[in-house]
Structure formats: structure tokens, C-alpha cells
file structure-v4.cif (mmCIF, C-alpha atoms, pLDDT in the B column; chains and numbers go by the auth columns)
data_query
loop_
_atom_site.group_PDB
_atom_site.id
_atom_site.type_symbol
_atom_site.label_atom_id
_atom_site.label_comp_id
_atom_site.label_asym_id
_atom_site.label_seq_id
_atom_site.Cartn_x
_atom_site.Cartn_y
_atom_site.Cartn_z
_atom_site.B_iso_or_equiv
_atom_site.auth_seq_id
_atom_site.auth_asym_id
ATOM 1 C CA MET A 1 -15.667 -20.339 5.844 75.00 1 V
ATOM 2 C CA GLN A 2 -13.736 -17.389 4.460 88.00 2 V
ATOM 3 C CA GLN A 3 -11.224 -18.291 1.764 95.00 3 V
ATOM 4 C CA PRO A 4 -7.606 -17.603 2.771 98.00 4 V
ATOM 5 C CA LEU A 5 -5.642 -14.832 1.110 98.00 5 V
ATOM 6 C CA HIS A 6 -1.889 -14.926 0.652 98.00 6 V
ATOM 7 C CA ILE A 7 -0.275 -11.504 0.277 98.00 7 V
ATOM 8 C CA ILE A 8 3.246 -11.175 -1.075 98.00 8 V
ATOM 9 C CA MET A 9 5.605 -8.236 -1.417 98.00 9 V
ATOM 10 C CA PRO A 10 8.798 -8.628 -3.469 97.00 10 V
ATOM 11 C CA VAL A 11 11.466 -6.156 -2.388 96.00 11 V
ATOM 12 C CA LYS A 12 15.042 -5.197 -3.054 95.00 12 V
ATOM 13 C CA ASP A 13 16.408 -2.461 -0.786 93.00 13 V
ATOM 14 C CA ALA A 14 14.174 0.669 -0.880 89.00 14 V
ATOM 15 C CA ILE A 15 13.709 0.560 2.878 94.00 15 V
ATOM 16 C CA GLU A 16 11.850 3.872 3.224 94.00 16 V
ATOM 17 C CA THR A 17 9.121 3.117 0.684 95.00 17 V
ATOM 18 C CA CYS A 18 8.939 -0.514 1.785 96.00 18 V
ATOM 19 C CA THR A 19 8.411 0.528 5.399 97.00 19 V
ATOM 20 C CA LEU A 20 5.578 2.834 4.346 97.00 20 V
ATOM 21 C CA ALA A 21 4.024 0.061 2.264 97.00 21 V
ATOM 22 C CA ILE A 22 4.120 -2.325 5.217 98.00 22 V
ATOM 23 C CA GLU A 23 2.663 0.254 7.613 98.00 23 V
ATOM 24 C CA HIS A 24 -0.273 0.724 5.230 98.00 24 V
ATOM 25 C CA LEU A 25 -0.770 -3.020 4.826 98.00 25 V
ATOM 26 C CA ILE A 26 -0.566 -4.246 8.432 97.00 26 V
ATOM 27 C CA PRO A 27 -3.958 -2.812 9.604 97.00 27 V
ATOM 28 C CA SER A 28 -5.723 -4.880 6.907 97.00 28 V
ATOM 29 C CA LEU A 29 -4.335 -8.223 8.047 97.00 29 V
ATOM 30 C CA ASP A 30 -6.332 -10.768 10.026 95.00 30 V
ATOM 31 C CA GLU A 31 -6.397 -14.514 10.643 95.00 31 V
ATOM 32 C CA HIS A 32 -7.465 -15.212 7.050 96.00 32 V
ATOM 33 C CA LYS A 33 -4.702 -13.133 5.458 97.00 33 V
ATOM 34 C CA LYS A 34 -1.090 -14.316 5.434 97.00 34 V
ATOM 35 C CA PHE A 35 1.649 -11.830 4.487 98.00 35 V
ATOM 36 C CA THR A 36 5.066 -12.888 3.179 98.00 36 V
ATOM 37 C CA MET A 37 7.873 -10.622 2.031 98.00 37 V
ATOM 38 C CA TYR A 38 10.391 -11.885 -0.527 98.00 38 V
ATOM 39 C CA ASN A 39 13.764 -10.175 -0.100 98.00 39 V
ATOM 40 C CA ASP A 40 15.491 -10.342 -3.469 97.00 40 V
ATOM 41 C CA PHE A 41 19.180 -9.860 -2.633 97.00 41 V
ATOM 42 C CA SER A 42 18.978 -6.561 -0.783 96.00 42 V
ATOM 43 C CA THR A 43 22.254 -5.343 0.672 97.00 43 V
ATOM 44 C CA GLU A 44 23.354 -6.919 3.942 97.00 44 V
ATOM 45 C CA GLU A 45 22.461 -3.758 5.842 97.00 45 V
ATOM 46 C CA ASN A 46 19.003 -3.544 4.301 97.00 46 V
ATOM 47 C CA THR A 47 18.423 -7.271 4.780 98.00 47 V
ATOM 48 C CA HIS A 48 18.910 -6.728 8.512 98.00 48 V
ATOM 49 C CA LYS A 49 16.426 -3.830 8.390 97.00 49 V
ATOM 50 C CA LEU A 50 13.857 -5.918 6.529 98.00 50 V
ATOM 51 C CA GLN A 51 14.250 -8.735 9.037 98.00 51 V
ATOM 52 C CA ALA A 52 13.739 -6.226 11.836 98.00 52 V
ATOM 53 C CA LEU A 53 10.481 -5.105 10.195 98.00 53 V
ATOM 54 C CA ALA A 54 9.357 -8.723 9.929 98.00 54 V
ATOM 55 C CA ASP A 55 10.145 -9.288 13.603 98.00 55 V
ATOM 56 C CA GLN A 56 8.401 -6.072 14.612 98.00 56 V
ATOM 57 C CA TYR A 57 5.159 -6.738 12.720 97.00 57 V
ATOM 58 C CA GLY A 58 5.170 -10.532 12.859 97.00 58 V
ATOM 59 C CA PHE A 59 5.097 -11.375 9.154 98.00 59 V
ATOM 60 C CA SER A 60 7.096 -13.996 7.255 98.00 60 V
ATOM 61 C CA ILE A 61 10.144 -13.088 5.209 98.00 61 V
ATOM 62 C CA ILE A 62 12.069 -15.182 2.706 98.00 62 V
ATOM 63 C CA HIS A 63 15.620 -14.085 1.945 98.00 63 V
ATOM 64 C CA TRP A 64 16.368 -15.412 -1.509 98.00 64 V
ATOM 65 C CA HIS A 65 20.124 -15.318 -0.961 97.00 65 V
ATOM 66 C CA GLU A 66 19.611 -18.193 1.495 98.00 66 V
ATOM 67 C CA HIS A 67 17.839 -20.351 -1.090 97.00 67 V
ATOM 68 C CA THR A 68 19.236 -19.617 -4.548 97.00 68 V
ATOM 69 C CA GLU A 69 22.380 -18.430 -6.295 96.00 69 V
ATOM 70 C CA HIS A 70 20.329 -16.961 -9.127 95.00 70 V
ATOM 71 C CA PRO A 71 20.958 -13.199 -9.149 95.00 71 V
ATOM 72 C CA SER A 72 18.211 -10.633 -8.753 95.00 72 V
ATOM 73 C CA PRO A 73 15.609 -10.264 -10.132 95.00 73 V
ATOM 74 C CA ASN A 74 14.010 -13.480 -8.904 96.00 74 V
ATOM 75 C CA TYR A 75 10.467 -12.574 -9.864 96.00 75 V
ATOM 76 C CA LEU A 76 9.891 -15.974 -11.466 97.00 76 V
ATOM 77 C CA LEU A 77 10.974 -17.863 -8.361 98.00 77 V
ATOM 78 C CA THR A 78 8.816 -15.584 -6.231 98.00 78 V
ATOM 79 C CA LEU A 79 5.743 -16.157 -8.391 98.00 79 V
ATOM 80 C CA GLN A 80 6.264 -19.914 -8.534 98.00 80 V
ATOM 81 C CA THR A 81 6.792 -20.214 -4.795 98.00 81 V
ATOM 82 C CA ALA A 82 3.821 -17.986 -3.973 98.00 82 V
ATOM 83 C CA GLN A 83 1.563 -19.916 -6.334 98.00 83 V
ATOM 84 C CA GLN A 84 2.542 -23.226 -4.774 98.00 84 V
ATOM 85 C CA LYS A 85 1.902 -21.961 -1.252 98.00 85 V
ATOM 86 C CA ALA A 86 -1.450 -20.442 -2.245 98.00 86 V
ATOM 87 C CA LEU A 87 -2.615 -23.649 -3.913 98.00 87 V
ATOM 88 C CA GLU A 88 -1.601 -25.711 -0.884 98.00 88 V
ATOM 89 C CA GLU A 89 -4.010 -23.679 1.241 97.00 89 V
ATOM 90 C CA ASP A 90 -6.701 -23.077 -1.402 98.00 90 V
ATOM 91 C CA ALA A 91 -5.949 -19.358 -1.173 98.00 91 V
ATOM 92 C CA ASN A 92 -6.190 -16.375 -3.455 98.00 92 V
ATOM 93 C CA LEU A 93 -2.927 -14.521 -4.080 98.00 93 V
ATOM 94 C CA LEU A 94 -2.452 -10.760 -3.764 98.00 94 V
ATOM 95 C CA ILE A 95 0.734 -9.101 -5.008 98.00 95 V
ATOM 96 C CA ILE A 96 1.547 -5.703 -3.516 98.00 96 V
ATOM 97 C CA GLU A 97 4.761 -4.080 -4.644 96.00 97 V
ATOM 98 C CA SER A 98 6.985 -2.376 -2.118 96.00 98 V
ATOM 99 C CA ASP A 99 6.311 1.164 -3.371 95.00 99 V
ATOM 100 C CA VAL A 100 2.532 0.890 -3.166 97.00 100 V
ATOM 101 C CA LEU A 101 0.412 2.233 -0.302 98.00 101 V
ATOM 102 C CA ILE A 102 -2.958 0.547 0.075 98.00 102 V
ATOM 103 C CA LYS A 103 -5.937 1.821 2.053 97.00 103 V
ATOM 104 C CA GLN A 104 -7.662 -0.031 4.856 94.00 104 V
ATOM 105 C CA ASP A 105 -10.520 -1.043 2.565 97.00 105 V
ATOM 106 C CA THR A 106 -8.401 -1.884 -0.516 98.00 106 V
ATOM 107 C CA ILE A 107 -8.166 -5.611 0.097 98.00 107 V
ATOM 108 C CA GLN A 108 -11.860 -5.957 0.883 97.00 108 V
ATOM 109 C CA ASP A 109 -12.706 -4.041 -2.305 98.00 109 V
ATOM 110 C CA LEU A 110 -10.579 -6.460 -4.338 98.00 110 V
ATOM 111 C CA LEU A 111 -12.145 -9.511 -2.690 98.00 111 V
ATOM 112 C CA GLN A 112 -15.677 -8.222 -3.289 97.00 112 V
ATOM 113 C CA HIS A 113 -15.083 -8.207 -7.033 97.00 113 V
ATOM 114 C CA ILE A 114 -14.220 -11.906 -7.267 97.00 114 V
ATOM 115 C CA SER A 115 -16.747 -14.111 -9.028 95.00 115 V
ATOM 116 C CA ASP A 116 -16.594 -17.548 -10.631 95.00 116 V
ATOM 117 C CA ASP A 117 -15.216 -16.133 -13.882 96.00 117 V
ATOM 118 C CA THR A 118 -12.615 -13.804 -12.343 98.00 118 V
ATOM 119 C CA GLY A 119 -8.960 -14.315 -13.127 98.00 119 V
ATOM 120 C CA MET A 120 -7.440 -11.121 -11.780 98.00 120 V
ATOM 121 C CA VAL A 121 -8.563 -7.944 -10.011 98.00 121 V
ATOM 122 C CA ALA A 122 -6.318 -4.889 -9.670 98.00 122 V
ATOM 123 C CA SER A 123 -6.481 -1.461 -8.081 98.00 123 V
ATOM 124 C CA VAL A 124 -5.612 1.474 -10.288 98.00 124 V
ATOM 125 C CA THR A 125 -2.556 3.439 -9.117 97.00 125 V
ATOM 126 C CA VAL A 126 -2.452 7.161 -8.381 97.00 126 V
ATOM 127 C CA ASP A 127 0.078 9.713 -7.184 95.00 127 V
ATOM 128 C CA LYS A 128 -0.193 11.509 -3.843 94.00 128 V
ATOM 129 C CA ASP A 129 -2.545 14.052 -5.436 95.00 129 V
ATOM 130 C CA GLY A 130 -4.928 11.341 -6.574 95.00 130 V
ATOM 131 C CA ASN A 131 -4.033 11.474 -10.271 95.00 131 V
ATOM 132 C CA ILE A 132 -3.786 8.144 -12.108 95.00 132 V
ATOM 133 C CA ASN A 133 -0.118 7.467 -12.793 94.00 133 V
ATOM 134 C CA PHE A 134 2.196 4.912 -14.368 92.00 134 V
ATOM 135 C CA PRO A 135 1.662 2.071 -15.141 93.00 135 V
ATOM 136 C CA TYR A 136 -2.064 2.793 -15.581 95.00 136 V
ATOM 137 C CA LEU A 137 -1.921 5.918 -17.714 94.00 137 V
ATOM 138 C CA TYR A 138 -4.301 4.280 -20.206 94.00 138 V
ATOM 139 C CA ALA A 139 -6.967 4.208 -17.479 94.00 139 V
ATOM 140 C CA ARG A 140 -7.236 8.024 -17.401 94.00 140 V
ATOM 141 C CA LYS A 141 -9.695 7.783 -20.287 92.00 141 V
ATOM 142 C CA LEU A 142 -11.833 5.073 -18.703 91.00 142 V
ATOM 143 C CA LYS A 143 -15.187 5.663 -17.058 89.00 143 V
ATOM 144 C CA GLY A 144 -16.927 3.699 -14.339 89.00 144 V
ATOM 145 C CA THR A 145 -15.986 2.117 -11.044 93.00 145 V
ATOM 146 C CA CYS A 146 -14.984 -1.440 -11.987 95.00 146 V
ATOM 147 C CA ILE A 147 -14.202 -2.277 -15.594 94.00 147 V
ATOM 148 C CA GLU A 148 -13.360 -5.480 -17.388 95.00 148 V
ATOM 149 C CA THR A 149 -10.195 -5.087 -19.417 94.00 149 V
ATOM 150 C CA GLU A 150 -7.902 -7.093 -21.647 91.00 150 V
ATOM 151 C CA LYS A 151 -5.185 -4.496 -21.214 90.00 151 V
ATOM 152 C CA ARG A 152 -2.231 -5.113 -18.956 91.00 152 V
ATOM 153 C CA LEU A 153 -2.821 -5.185 -15.220 95.00 153 V
ATOM 154 C CA SER A 154 0.419 -4.304 -13.516 94.00 154 V
ATOM 155 C CA PHE A 155 1.241 -6.261 -10.387 95.00 155 V
ATOM 156 C CA CYS A 156 1.433 -3.086 -8.280 96.00 156 V
ATOM 157 C CA CYS A 157 -1.644 -4.230 -6.341 98.00 157 V
ATOM 158 C CA THR A 158 -3.243 -7.187 -8.080 98.00 158 V
ATOM 159 C CA LEU A 159 -5.180 -10.206 -6.854 98.00 159 V
ATOM 160 C CA LEU A 160 -4.886 -13.510 -8.707 98.00 160 V
ATOM 161 C CA THR A 161 -7.796 -15.784 -7.926 98.00 161 V
ATOM 162 C CA ASN A 162 -7.396 -19.341 -6.762 98.00 162 V
ATOM 163 C CA GLN A 163 -9.319 -20.638 -9.774 98.00 163 V
ATOM 164 C CA PHE A 164 -6.849 -18.949 -12.121 98.00 164 V
ATOM 165 C CA LEU A 165 -3.884 -20.252 -10.127 98.00 165 V
ATOM 166 C CA LYS A 166 -5.314 -23.759 -10.513 98.00 166 V
ATOM 167 C CA ALA A 167 -5.755 -23.285 -14.255 98.00 167 V
ATOM 168 C CA TYR A 168 -2.240 -22.180 -15.155 98.00 168 V
ATOM 169 C CA SER A 169 1.047 -23.271 -13.607 98.00 169 V
ATOM 170 C CA PHE A 170 3.746 -20.644 -13.279 98.00 170 V
ATOM 171 C CA GLU A 171 6.231 -23.457 -13.803 98.00 171 V
ATOM 172 C CA LEU A 172 5.373 -22.993 -17.496 98.00 172 V
ATOM 173 C CA LEU A 173 6.556 -19.379 -17.558 98.00 173 V
ATOM 174 C CA ASP A 174 9.534 -18.582 -19.773 97.00 174 V
ATOM 175 C CA SER A 175 12.603 -18.720 -17.538 95.00 175 V
ATOM 176 C CA THR A 176 14.558 -16.486 -19.941 94.00 176 V
ATOM 177 C CA LYS A 177 12.292 -13.562 -19.032 93.00 177 V
ATOM 178 C CA ASN A 178 12.364 -11.444 -15.880 90.00 178 V
ATOM 179 C CA TRP A 179 8.879 -9.903 -15.803 90.00 179 V
ATOM 180 C CA TYR A 180 5.555 -11.624 -16.348 96.00 180 V
ATOM 181 C CA ASP A 181 2.734 -9.125 -15.754 95.00 181 V
ATOM 182 C CA VAL A 182 1.734 -8.833 -19.411 94.00 182 V
ATOM 183 C CA PHE A 183 1.957 -12.534 -20.190 96.00 183 V
ATOM 184 C CA ILE A 184 0.005 -13.612 -17.108 98.00 184 V
ATOM 185 C CA CYS A 185 -2.744 -11.062 -17.820 97.00 185 V
ATOM 186 C CA HIS A 186 -3.094 -12.363 -21.366 96.00 186 V
ATOM 187 C CA LYS A 187 -3.037 -15.967 -20.162 98.00 187 V
ATOM 188 C CA SER A 188 -5.911 -15.231 -17.801 98.00 188 V
ATOM 189 C CA THR A 189 -8.162 -13.924 -20.576 97.00 189 V
ATOM 190 C CA GLU A 190 -6.944 -16.632 -22.958 97.00 190 V
ATOM 191 C CA LEU A 191 -8.226 -19.212 -20.491 98.00 191 V
ATOM 192 C CA GLY A 192 -11.628 -17.525 -20.407 98.00 192 V
ATOM 193 C CA PHE A 193 -11.295 -15.553 -17.177 98.00 193 V
ATOM 194 C CA LYS A 194 -12.277 -11.906 -16.713 98.00 194 V
ATOM 195 C CA ASN A 195 -9.712 -9.361 -15.543 98.00 195 V
ATOM 196 C CA ARG A 196 -11.043 -6.348 -13.683 98.00 196 V
ATOM 197 C CA LEU A 197 -9.562 -2.952 -12.831 98.00 197 V
ATOM 198 C CA LEU A 198 -10.997 -1.011 -9.894 98.00 198 V
ATOM 199 C CA LEU A 199 -11.083 2.699 -10.675 97.00 199 V
ATOM 200 C CA ASN A 200 -12.911 3.552 -7.443 96.00 200 V
ATOM 201 C CA SER A 201 -10.377 1.894 -5.124 97.00 201 V
ATOM 202 C CA PRO A 202 -7.020 3.461 -6.003 97.00 202 V
ATOM 203 C CA VAL A 203 -3.686 2.833 -4.312 98.00 203 V
ATOM 204 C CA VAL A 204 -0.779 5.253 -4.139 97.00 204 V
ATOM 205 C CA HIS A 205 2.183 4.308 -6.322 96.00 205 V
ATOM 206 C CA LEU A 206 5.234 6.130 -5.021 94.00 206 V
ATOM 207 C CA PRO A 207 8.102 7.336 -7.228 80.00 207 V
ATOM 208 C CA HIS A 208 10.789 4.714 -7.638 61.00 208 V
ATOM 209 C CA SER A 209 13.609 6.732 -9.181 42.00 209 V
ATOM 210 C CA SER A 210 16.072 5.398 -6.607 38.00 210 V
ATOM 211 C CA ARG A 211 15.242 1.795 -7.375 47.00 211 V
ATOM 212 C CA PRO A 212 17.240 0.219 -10.218 44.00 212 V
ATOM 213 C CA TRP A 213 15.304 -3.049 -9.830 48.00 213 V
ATOM 214 C CA LYS A 214 11.997 -1.357 -10.634 53.00 214 V
ATOM 215 C CA GLN A 215 13.595 0.756 -13.362 51.00 215 V
ATOM 216 C CA LEU A 216 14.751 -2.456 -14.994 51.00 216 V
ATOM 217 C CA LYS A 217 11.276 -3.893 -14.728 55.00 217 V
ATOM 218 C CA TYR A 218 9.562 -0.923 -16.362 53.00 218 V
ATOM 219 C CA ALA A 219 12.235 -0.648 -19.024 52.00 219 V
ATOM 220 C CA ASN A 220 11.648 -4.296 -19.965 53.00 220 V
ATOM 221 C CA PRO A 221 8.004 -5.024 -19.101 50.00 221 V
ATOM 222 C CA ILE A 222 7.664 -7.962 -21.501 45.00 222 V
#
call {"tool": "encode", "arguments": {"input": "structure-v4.cif", "output": "C-alpha cells"}}
result
Amino acid sequence: MQQPLHIIMPVKDAIETCTLAIEHLIPSLDEHKKFTMYNDFSTEENTHKLQALADQYGFSIIHWHEHTEHPSPNYLLTLQTAQQKALEEDANLLIIESDVLIKQDTIQDLLQHISDDTGMVASVTVDKDGNINFPYLYARKLKGTCIETEKRLSFCCTLLTNQFLKAYSFELLDSTKNWYDVFICHKSTELGFKNRLLLNSPVVHLPHSSRPWKQLKYANPI
């Protein structure tokens, strides 16, 4: 029986890029893949638009303003909730950010690179011309198709395996921080797992200059 996959997309406003991201994701979904969007205090207008997208495409959406008074960003709450839901269904967890456009074979490529020792698998990001871009600029010098790395895997398009989720509880993450990509990557290797970066299965990472939430994240990655 195929192992379930939970796919999450945190979002705050950015309706145009988010809509594109969803349109690229939907064709890859099937009965084994569950998609949930986490709306992190978008404006009232954009919340209505996100709900309309959820209704149109039939995916789940959690509006954090209905569940917490903690201001955005609620990345920690999103990670903790997603981990709990994935563990309840013995699922792997795939994070796709709302300015990332996957291809129809992206998810299958990620799944094919899971083995017993895998902690995380990520797709390298590129611009619309196919050039590797931020946050994977270090990968421009790398050769090969799939490489093991102890460097940071951004959560632009990254799969966290069920065995890693079982090994480390996100309830232990530092609640004074906002972003956890670097720490979680290091924790995976610290626990003896292998992290892999797919250079032959890139995803498009769109510019996010209009998105203060993402600017904050990249200004304070630790």
C-alpha cells in the first residue's frame, strides 16, 4: 500500500503567486496525497480569495486567525500541526511555499529518493530561465543529479520523511524563533539521517519582492 503524503502550503496574502503555485500543484494530487493550505493572517479580502481557491479545487484550508491570537508568522504552529497530522496517518510531509511552481513529476521524483536513511529530500530552485536562484545559490557549483548535503535545505519544496518526523518532535523547537529550516536540517543529520538535494528536478521560485512575510524570513533565516 502506498504511503500517504501530506502536502502543506503556508501563505500570507500574495494571491497571484499563490494561485499559480496551486495551479501547478493540483495536477499532481491523487487519493494518496492530501493538500492543506495554512492561511497565516492574510487580509480579510485575500482570506476570502484563498477560501474561494480552496472551494474551487477541493483542498483543505486552515485560517490561523480562527485558531490563535499569535500574530504572523505562525510557522512554528504550522509545522507542529502538520507534523501531528502526518504522524496520525503515517504520512510523509511535503512543504511547498506559495511562490514555488512545481512540475507534474516533481513529487514523484522526491518520493523516489526516499530510503530507510532519508531525513529530507528537496528540489533545487531556479528562476524562469532555469538558472539556480536563492536560496540555493551554493548549489550552482555542485555536480550530479541527486547529492547528499549537510548544507541548508530551504523549505521551498522539501519533503520530510515519516521516519524523521517520528524521530524528532517539533514541539521541541525554540518558540522564540520564527524560522526553522536551518535547525531542522541540522537536526536531521544529527540524528543520522541523510538529506538529499535534487539538482535534476528543479522547481521555479518566483520573486517575492512584494511579500514582507518572506522578506522577513530570508532576512532572519536562523
call {"tool": "atom_distance", "arguments": {"input": "structure-v4.cif", "atom1": "atom CA of Lys143 of chain V", "atom2": "atom CA of Ala122 of chain V"}}
result
15.6 Å
call {"tool": "resolve_selection", "arguments": {"input": "structure-v4.cif", "expression": "the PyMOL selection byres ((chain V and resi 84-94) around 9)", "output": "NGL selection string"}}
result
:V and (3-9 or 79-83 or 95-96 or 107 or 155 or 157-163 or 165-166 or 169-170)
call {"tool": "write_last_selection", "arguments": {"input": "structure-v4.cif", "atoms": "C-alpha atoms", "output": "PDB file, in the coordinates of the input"}}
result
ATOM      1  CA  GLN V   3     -11.224 -18.291   1.764  1.00 95.00           C
ATOM      2  CA  PRO V   4      -7.606 -17.603   2.771  1.00 98.00           C
ATOM      3  CA  LEU V   5      -5.642 -14.832   1.110  1.00 98.00           C
ATOM      4  CA  HIS V   6      -1.889 -14.926   0.652  1.00 98.00           C
ATOM      5  CA  ILE V   7      -0.275 -11.504   0.277  1.00 98.00           C
ATOM      6  CA  ILE V   8       3.246 -11.175  -1.075  1.00 98.00           C
ATOM      7  CA  MET V   9       5.605  -8.236  -1.417  1.00 98.00           C
ATOM      8  CA  LEU V  79       5.743 -16.157  -8.391  1.00 98.00           C
ATOM      9  CA  GLN V  80       6.264 -19.914  -8.534  1.00 98.00           C
ATOM     10  CA  THR V  81       6.792 -20.214  -4.795  1.00 98.00           C
ATOM     11  CA  ALA V  82       3.821 -17.986  -3.973  1.00 98.00           C
ATOM     12  CA  GLN V  83       1.563 -19.916  -6.334  1.00 98.00           C
ATOM     13  CA  ILE V  95       0.734  -9.101  -5.008  1.00 98.00           C
ATOM     14  CA  ILE V  96       1.547  -5.703  -3.516  1.00 98.00           C
ATOM     15  CA  ILE V 107      -8.166  -5.611   0.097  1.00 98.00           C
ATOM     16  CA  PHE V 155       1.241  -6.261 -10.387  1.00 95.00           C
ATOM     17  CA  CYS V 157      -1.644  -4.230  -6.341  1.00 98.00           C
ATOM     18  CA  THR V 158      -3.243  -7.187  -8.080  1.00 98.00           C
ATOM     19  CA  LEU V 159      -5.180 -10.206  -6.854  1.00 98.00           C
ATOM     20  CA  LEU V 160      -4.886 -13.510  -8.707  1.00 98.00           C
ATOM     21  CA  THR V 161      -7.796 -15.784  -7.926  1.00 98.00           C
ATOM     22  CA  ASN V 162      -7.396 -19.341  -6.762  1.00 98.00           C
ATOM     23  CA  GLN V 163      -9.319 -20.638  -9.774  1.00 98.00           C
ATOM     24  CA  LEU V 165      -3.884 -20.252 -10.127  1.00 98.00           C
ATOM     25  CA  LYS V 166      -5.314 -23.759 -10.513  1.00 98.00           C
ATOM     26  CA  SER V 169       1.047 -23.271 -13.607  1.00 98.00           C
ATOM     27  CA  PHE V 170       3.746 -20.644 -13.279  1.00 98.00           C
TER      28      PHE V 170
END
call {"tool": "atom_distance", "arguments": {"input": "structure-v4.cif", "atom1": "atom CA of His32 of chain V", "atom2": "atom CA of Pro202 of chain V"}}
result
22.8 Å
call {"tool": "atom_distance", "arguments": {"input": "structure-v4.cif", "atom1": "atom CA of Met1 of chain V", "atom2": "atom CA of Tyr168 of chain V"}}
result
25.0 Å
call {"tool": "closest_residue", "arguments": {"input": "structure-v4.cif", "among": "V:Lys33, V:Ile114, V:Arg196, V:Phe164", "to": "Ile184 of chain V", "atoms": "all atoms listed in the file"}}
result
V:Phe164
call {"tool": "residues_around", "arguments": {"input": "structure-v4.cif", "residues": "Gly130 of chain V", "least_positions_apart": "2", "cutoff": "12 Å", "atoms": "all atoms listed in the file", "output": "PyMOL selection string"}}
result
chain V and resi 124-128+132-133+140+199-206
call {"tool": "closest_residue", "arguments": {"input": "structure-v4.cif", "among": "V:Val121, V:Ala52, V:Ile147, V:Leu137", "to": "Ser188 of chain V", "atoms": "all atoms listed in the file"}}
result
V:Val121
call {"tool": "closest_residue", "arguments": {"input": "structure-v4.cif", "among": "V:Pro27, V:Pro135, V:Gly144, V:Gly192", "to": "Ala167 of chain V", "atoms": "only C-alpha atoms"}}
result
V:Gly192
call {"tool": "axis_aligned_box", "arguments": {"input": "structure-v4.cif", "around": "segment 41-49 of chain V", "padding_each_side": "5 Å", "output": "lines of an AutoDock Vina configuration file"}}
result
center_x = 19.9
center_y = -6.7
center_z = 2.9
size_x = 16.9
size_y = 16.3
size_z = 21.1
call {"tool": "residues_around", "arguments": {"input": "structure-v4.cif", "residues": "Leu50 of chain V", "least_positions_apart": "6", "cutoff": "12 Å", "atoms": "only C-alpha atoms", "output": "number ranges by chain"}}
result
V: 9-19, 22, 36-44, 56-63, 98
call {"tool": "closest_residue", "arguments": {"input": "structure-v4.cif", "among": "V:His65, V:Lys141, V:Lys34, V:His186", "to": "Leu153 of chain V", "atoms": "all atoms listed in the file"}}
result
V:His186
call {"tool": "closest_residue", "arguments": {"input": "structure-v4.cif", "among": "V:Arg152, V:Asn178, V:Leu111, V:Thr189", "to": "His70 of chain V", "atoms": "all atoms listed in the file"}}
result
V:Asn178
call {"tool": "resolve_selection", "arguments": {"input": "structure-v4.cif", "expression": "the PyMOL selection byres ((chain V and resi 117) around 8)", "output": "PDB file with C-alpha atoms, in the frame of the given file"}}
result
ATOM      1  CA  ILE V 114     -14.220 -11.906  -7.267  1.00 97.00           C
ATOM      2  CA  SER V 115     -16.747 -14.111  -9.028  1.00 95.00           C
ATOM      3  CA  ASP V 116     -16.594 -17.548 -10.631  1.00 95.00           C
ATOM      4  CA  THR V 118     -12.615 -13.804 -12.343  1.00 98.00           C
ATOM      5  CA  GLY V 119      -8.960 -14.315 -13.127  1.00 98.00           C
ATOM      6  CA  GLY V 192     -11.628 -17.525 -20.407  1.00 98.00           C
ATOM      7  CA  PHE V 193     -11.295 -15.553 -17.177  1.00 98.00           C
ATOM      8  CA  LYS V 194     -12.277 -11.906 -16.713  1.00 98.00           C
TER       9      LYS V 194
END
call {"tool": "closest_residue", "arguments": {"input": "structure-v4.cif", "among": "V:Leu20, V:Met120, V:Leu191, V:Leu77", "to": "Trp64 of chain V", "atoms": "all atoms listed in the file"}}
result
V:Leu77
call {"tool": "decode", "arguments": {"input": "structure-v4.cif", "residues": "segment 45-70 of chain V", "atoms": "C-alpha atoms", "output": "compact mmCIF listing (two decimals), in the first residue's frame"}}
result
# COMPACT_ATOMS: atom_id res chain seq x y z
CA GLU V 45 -10.12 40.31 1.27
CA ASN V 46 -7.34 37.85 0.50
CA THR V 47 -8.68 35.35 3.03
CA HIS V 48 -11.93 35.28 1.05
CA LYS V 49 -9.92 34.72 -2.16
CA LEU V 50 -7.94 31.89 -0.60
CA GLN V 51 -11.13 30.26 0.63
CA ALA V 52 -12.56 30.56 -2.87
CA LEU V 53 -9.50 28.75 -4.24
CA ALA V 54 -9.94 26.01 -1.65
CA ASP V 55 -13.60 25.63 -2.61
CA GLN V 56 -12.77 25.63 -6.31
CA TYR V 57 -10.05 22.96 -6.14
CA GLY V 58 -11.35 20.99 -3.16
CA PHE V 59 -8.39 21.25 -0.80
CA SER V 60 -8.37 21.95 2.94
CA ILE V 61 -7.54 25.37 4.33
CA ILE V 62 -6.80 26.40 7.90
CA HIS V 63 -7.23 30.08 8.73
CA TRP V 64 -4.96 30.72 11.68
CA HIS V 65 -6.91 33.78 12.78
CA GLU V 66 -9.72 31.38 13.74
CA HIS V 67 -7.45 29.32 15.99
CA THR V 68 -4.80 31.56 17.55
CA GLU V 69 -4.18 35.14 18.61
CA HIS V 70 -0.47 34.76 17.97
